[in-house]
Amino acid sequence: MAYVAVTGGKEAIEHSNNLIKYYRVKNGSDLTVDMIKNQMRGLVDRVMSEGGLYSPELAALSIKQGEGNIEESVFLMRAFRSTLPRKYYSNVVDTEKMKVIRRISAAFKDIPGGQLLGPTYDYSHRLLDFDLIQEENCQSWIENLKKEVEENYIDEDINYPKISNLLRAEGLIKAEVHENEEPFDVTRDKISLPLPRSARLQILSRGESGAVAAIGYSSLRGFGGNIHPTVGELRVGNVEVDIPYPLDEEESYYIGEMMLTEVENIFPESEGEEIEFKLGYGLVMGQNETKAIAMSVLDRNLDIPGDTPAQNEEFVLYHIDSVESSGFVSHLKLPHYVTFQSKLDRIRSSKKGER
């Protein structure tokens, strides 16, 4: 269920909509969609992920229209997505062939292909850079940086092997029972608990970043089936997307690329006397590493019976959706005159009875 607009006087609503436009542009500055897309990468990636629609241009537009309000921007993306026809299903994306821009492992110091730090704030000081208030000589700075990147950057065409595949080859990771199941589409099929893993992963991937991180964090603090996993591999990069050629199953059409963040978390678990590794999986659009890690934590927790919030499928999946949660909370602003009047009458009657 999602609550949207309240009906009311047409003239009042028109004035309200005009005020939205006025407050957005009242200072006279025009923030272009290209500016948002190119310089607010983290925000654009988050809106695409939670909106379930990969389009940096439309995500930037929704951010501009929503004045930077993430829940409004995501709502706009979901609403637009619902109008699009589903013409094709793409082939399964092979993330091992990802054009990697960032790849790290917390489990191993030396990994095949090496650690690739890539673009990240992990190693920067969290100090305000006041020079950004008035950036000058940007073009010359950009040219110098571009030259440095081209000279020192690792070739994106290198295929880096998956750490999990190396562990599987040693027999340290057991194959999951879910691996061969037909993918579930939560946007088209009715949800009925318990859900298959593919449905859980889809909902987690579209979940609100803060909510996914918060519930995942609760597991790390001890309110879950696993206390402290290890990031076997985190990779960020572009993957090619293609669709099957209808007249030949072995042929396909290349339709573009999309940036993804993929995380495989390693959980040591014991079954009887045998100890082995299990994987928690996270995959989100764009570069959103915190969400992807938390997603992988929740993925594993939802496979382990338990009474904690992180292990409760209904609690997790029904509370991380930004449109559902913000919509239901926001519906409290709608008129509740009749129900409140009945409560008021009941309390007044009880007060009279006390006298």
# chains A, B, ... in the order shown; residues from 1 in each chain; ligands from 1

$ select_by_dssp --residues "segment 32-211 of chain A" --states "strand (DSSP E or B)" --output "JSON, numbers by chain"
{"A": [99, 100, 101, 102, 103, 104, 116, 173]}

$ residues_around --residues "segment 92-107 of chain A" --least-positions-apart "2" --cutoff "8 Å" --atoms "only C-alpha atoms" --output "list of chain:residue names"
A:Ser90, A:Lys109, A:Ile111, A:Gln115, A:Leu116, A:Leu117, A:Gly118, A:Pro119, A:Glu156, A:Asp157, A:Ile158, A:Asn159, A:Tyr160, A:Pro161, A:Lys162, A:Thr230, A:Val231, A:Gly232, A:Glu233, A:Leu234, A:Arg235, A:Val236, A:Gly237, A:Asn238, A:Val239, A:Glu240, A:Val241

$ write_last_selection --atoms "N, CA and C atoms" --output "JSON list (two decimals), in the first residue's frame"
[["chain", "number", "residue", "atom", "x", "y", "z"],
["A", 90, "SER", "N", 16.94, -9.46, -20.13],
["A", 90, "SER", "CA", 18.35, -9.55, -20.51],
["A", 90, "SER", "C", 18.91, -10.91, -20.12],
["A", 109, "LYS", "N", 45.33, -10.41, 1.77],
["A", 109, "LYS", "CA", 46.16, -9.26, 1.42],
["A", 109, "LYS", "C", 46.55, -9.32, -0.05],
["A", 111, "ILE", "N", 45.71, -10.87, -3.60],
["A", 111, "ILE", "CA", 44.69, -11.55, -4.38],
["A", 111, "ILE", "C", 45.09, -11.49, -5.85],
["A", 115, "GLN", "N", 44.93, -5.75, -5.23],
["A", 115, "GLN", "CA", 43.91, -4.87, -4.69],
["A", 115, "GLN", "C", 43.89, -3.59, -5.53],
["A", 116, "LEU", "N", 42.70, -3.13, -5.89],
["A", 116, "LEU", "CA", 42.54, -1.92, -6.69],
["A", 116, "LEU", "C", 41.66, -0.95, -5.89],
["A", 117, "LEU", "N", 42.28, 0.07, -5.32],
["A", 117, "LEU", "CA", 41.55, 0.96, -4.42],
["A", 117, "LEU", "C", 40.47, 1.75, -5.16],
["A", 118, "GLY", "N", 40.79, 2.28, -6.35],
["A", 118, "GLY", "CA", 39.77, 2.97, -7.13],
["A", 118, "GLY", "C", 39.24, 4.22, -6.45],
["A", 119, "PRO", "N", 38.12, 4.75, -6.96],
["A", 119, "PRO", "CA", 37.53, 5.97, -6.38],
["A", 119, "PRO", "C", 36.77, 5.65, -5.09],
["A", 156, "GLU", "N", 40.86, -1.32, -17.80],
["A", 156, "GLU", "CA", 39.54, -1.82, -17.40],
["A", 156, "GLU", "C", 39.19, -3.14, -18.08],
["A", 157, "ASP", "N", 39.91, -3.49, -19.13],
["A", 157, "ASP", "CA", 39.58, -4.71, -19.87],
["A", 157, "ASP", "C", 40.12, -5.97, -19.19],
["A", 158, "ILE", "N", 40.85, -5.82, -18.09],
["A", 158, "ILE", "CA", 41.35, -6.99, -17.37],
["A", 158, "ILE", "C", 40.19, -7.67, -16.66],
["A", 159, "ASN", "N", 40.08, -8.99, -16.78],
["A", 159, "ASN", "CA", 39.09, -9.76, -16.04],
["A", 159, "ASN", "C", 39.71, -10.29, -14.75],
["A", 160, "TYR", "N", 39.17, -9.85, -13.64],
["A", 160, "TYR", "CA", 39.70, -10.26, -12.35],
["A", 160, "TYR", "C", 38.93, -11.49, -11.86],
["A", 161, "PRO", "N", 39.62, -12.55, -11.45],
["A", 161, "PRO", "CA", 38.92, -13.75, -10.98],
["A", 161, "PRO", "C", 38.19, -13.49, -9.66],
["A", 162, "LYS", "N", 37.07, -14.17, -9.47],
["A", 162, "LYS", "CA", 36.30, -14.02, -8.23],
["A", 162, "LYS", "C", 36.97, -14.80, -7.11],
["A", 230, "THR", "N", 33.45, -11.53, 7.00],
["A", 230, "THR", "CA", 34.61, -10.92, 6.35],
["A", 230, "THR", "C", 34.29, -10.66, 4.89],
["A", 231, "VAL", "N", 34.60, -9.46, 4.42],
["A", 231, "VAL", "CA", 34.36, -9.13, 3.01],
["A", 231, "VAL", "C", 35.38, -9.90, 2.17],
["A", 232, "GLY", "N", 34.90, -10.97, 1.53],
["A", 232, "GLY", "CA", 35.78, -11.74, 0.66],
["A", 232, "GLY", "C", 36.19, -10.93, -0.54],
["A", 233, "GLU", "N", 35.22, -10.20, -1.11],
["A", 233, "GLU", "CA", 35.52, -9.34, -2.25],
["A", 233, "GLU", "C", 34.45, -8.29, -2.42],
["A", 234, "LEU", "N", 34.90, -7.08, -2.68],
["A", 234, "LEU", "CA", 34.01, -5.98, -3.05],
["A", 234, "LEU", "C", 34.53, -5.43, -4.37],
["A", 235, "ARG", "N", 33.66, -5.37, -5.36],
["A", 235, "ARG", "CA", 34.09, -4.84, -6.66],
["A", 235, "ARG", "C", 33.05, -3.86, -7.19],
["A", 236, "VAL", "N", 33.56, -2.80, -7.81],
["A", 236, "VAL", "CA", 32.72, -1.78, -8.45],
["A", 236, "VAL", "C", 33.19, -1.64, -9.89],
["A", 237, "GLY", "N", 32.25, -1.59, -10.80],
["A", 237, "GLY", "CA", 32.64, -1.44, -12.20],
["A", 237, "GLY", "C", 31.44, -1.54, -13.12],
["A", 238, "ASN", "N", 31.71, -1.53, -14.40],
["A", 238, "ASN", "CA", 30.67, -1.58, -15.43],
["A", 238, "ASN", "C", 30.54, -2.99, -16.00],
["A", 239, "VAL", "N", 29.32, -3.42, -16.18],
["A", 239, "VAL", "CA", 29.06, -4.72, -16.80],
["A", 239, "VAL", "C", 28.26, -4.51, -18.07],
["A", 240, "GLU", "N", 28.51, -5.34, -19.05],
["A", 240, "GLU", "CA", 27.77, -5.27, -20.31],
["A", 240, "GLU", "C", 26.42, -5.98, -20.16],
["A", 241, "VAL", "N", 25.41, -5.38, -20.74],
["A", 241, "VAL", "CA", 24.06, -5.95, -20.71],
["A", 241, "VAL", "C", 23.65, -6.28, -22.14]]

$ atom_distance --atom1 "atom CA of Pro305 of chain A" --atom2 "atom CA of Glu208 of chain A"
24.0 Å

$ closest_atom_pairs --of "segment 240-283 of chain A" --to "segment 187-205 of chain A" --cutoff "9 Å" --atoms "only C-alpha atoms" --output "JSON lines"
{"residue": "A:Tyr281", "atom": "CA", "partner": "A:Leu201", "partner_atom": "CA", "distance": 8.2}
{"residue": "A:Gly282", "atom": "CA", "partner": "A:Ser205", "partner_atom": "CA", "distance": 7.4}
{"residue": "A:Leu283", "atom": "CA", "partner": "A:Ser205", "partner_atom": "CA", "distance": 6.4}

$ write_last_selection --atoms "C-alpha atoms" --output "mmCIF file, in the first residue's frame"
data_model
loop_
_atom_site.group_PDB
_atom_site.id
_atom_site.type_symbol
_atom_site.label_atom_id
_atom_site.label_comp_id
_atom_site.auth_asym_id
_atom_site.auth_seq_id
_atom_site.Cartn_x
_atom_site.Cartn_y
_atom_site.Cartn_z
ATOM 1 C CA TYR A 281 25.583 -11.659 -1.449
ATOM 2 C CA GLY A 282 24.976 -7.987 -2.194
ATOM 3 C CA LEU A 283 24.489 -6.290 -5.572
#

$ atom_distance --atom1 "atom CA of Ile63 of chain A" --atom2 "atom CA of Glu143 of chain A"
28.6 Å

$ select_by_dssp --residues "segment 82-141 of chain A" --states "alpha helix (DSSP H)" --output "PDB file with all heavy atoms, in the first residue's frame"
ATOM      1  N   CYS A 138      39.189  25.211 -12.928  1.00  0.00           N
ATOM      2  CA  CYS A 138      38.769  23.800 -12.953  1.00  0.00           C
ATOM      3  C   CYS A 138      39.255  23.080 -14.201  1.00  0.00           C
ATOM      4  O   CYS A 138      39.673  21.924 -14.126  1.00  0.00           O
ATOM      5  CB  CYS A 138      37.240  23.702 -12.877  1.00  0.00           C
ATOM      6  SG  CYS A 138      36.592  23.987 -11.230  1.00  0.00           S
ATOM      7  N   GLN A 139      39.209  23.764 -15.344  1.00  0.00           N
ATOM      8  CA  GLN A 139      39.515  23.096 -16.590  1.00  0.00           C
ATOM      9  C   GLN A 139      40.960  22.625 -16.648  1.00  0.00           C
ATOM     10  O   GLN A 139      41.244  21.491 -17.043  1.00  0.00           O
ATOM     11  CB  GLN A 139      39.221  24.026 -17.775  1.00  0.00           C
ATOM     12  CG  GLN A 139      39.082  23.306 -19.106  1.00  0.00           C
ATOM     13  CD  GLN A 139      38.004  22.229 -19.088  1.00  0.00           C
ATOM     14  OE1 GLN A 139      36.909  22.459 -18.573  1.00  0.00           O
ATOM     15  NE2 GLN A 139      38.300  21.066 -19.638  1.00  0.00           N
ATOM     16  N   SER A 140      41.897  23.484 -16.218  1.00  0.00           N
ATOM     17  CA  SER A 140      43.307  23.082 -16.223  1.00  0.00           C
ATOM     18  C   SER A 140      43.554  21.967 -15.210  1.00  0.00           C
ATOM     19  O   SER A 140      44.333  21.040 -15.465  1.00  0.00           O
ATOM     20  CB  SER A 140      44.192  24.282 -15.902  1.00  0.00           C
ATOM     21  OG  SER A 140      43.895  24.800 -14.615  1.00  0.00           O
ATOM     22  N   TRP A 141      42.867  22.041 -14.074  1.00  0.00           N
ATOM     23  CA  TRP A 141      43.014  21.002 -13.042  1.00  0.00           C
ATOM     24  C   TRP A 141      42.486  19.671 -13.567  1.00  0.00           C
ATOM     25  O   TRP A 141      43.083  18.628 -13.348  1.00  0.00           O
ATOM     26  CB  TRP A 141      42.253  21.439 -11.800  1.00  0.00           C
ATOM     27  CG  TRP A 141      42.335  20.479 -10.664  1.00  0.00           C
ATOM     28  CD1 TRP A 141      43.336  20.362  -9.760  1.00  0.00           C
ATOM     29  CD2 TRP A 141      41.348  19.500 -10.297  1.00  0.00           C
ATOM     30  NE1 TRP A 141      43.050  19.376  -8.848  1.00  0.00           N
ATOM     31  CE2 TRP A 141      41.838  18.825  -9.169  1.00  0.00           C
ATOM     32  CE3 TRP A 141      40.113  19.120 -10.821  1.00  0.00           C
ATOM     33  CZ2 TRP A 141      41.135  17.805  -8.545  1.00  0.00           C
ATOM     34  CZ3 TRP A 141      39.417  18.109 -10.208  1.00  0.00           C
ATOM     35  CH2 TRP A 141      39.920  17.464  -9.082  1.00  0.00           C
TER      36      TRP A 141
END

$ closest_residue --among "A:Glu264, A:Gly286, A:Ser164, A:Tyr89" --to "Asp242 of chain A" --atoms "only C-alpha atoms"
A:Tyr89

$ residues_around --residues "Ser218 of chain A" --least-positions-apart "6" --cutoff "9 Å" --atoms "only C-alpha atoms" --output "PyMOL selection string"
chain A and resi 224+309-310
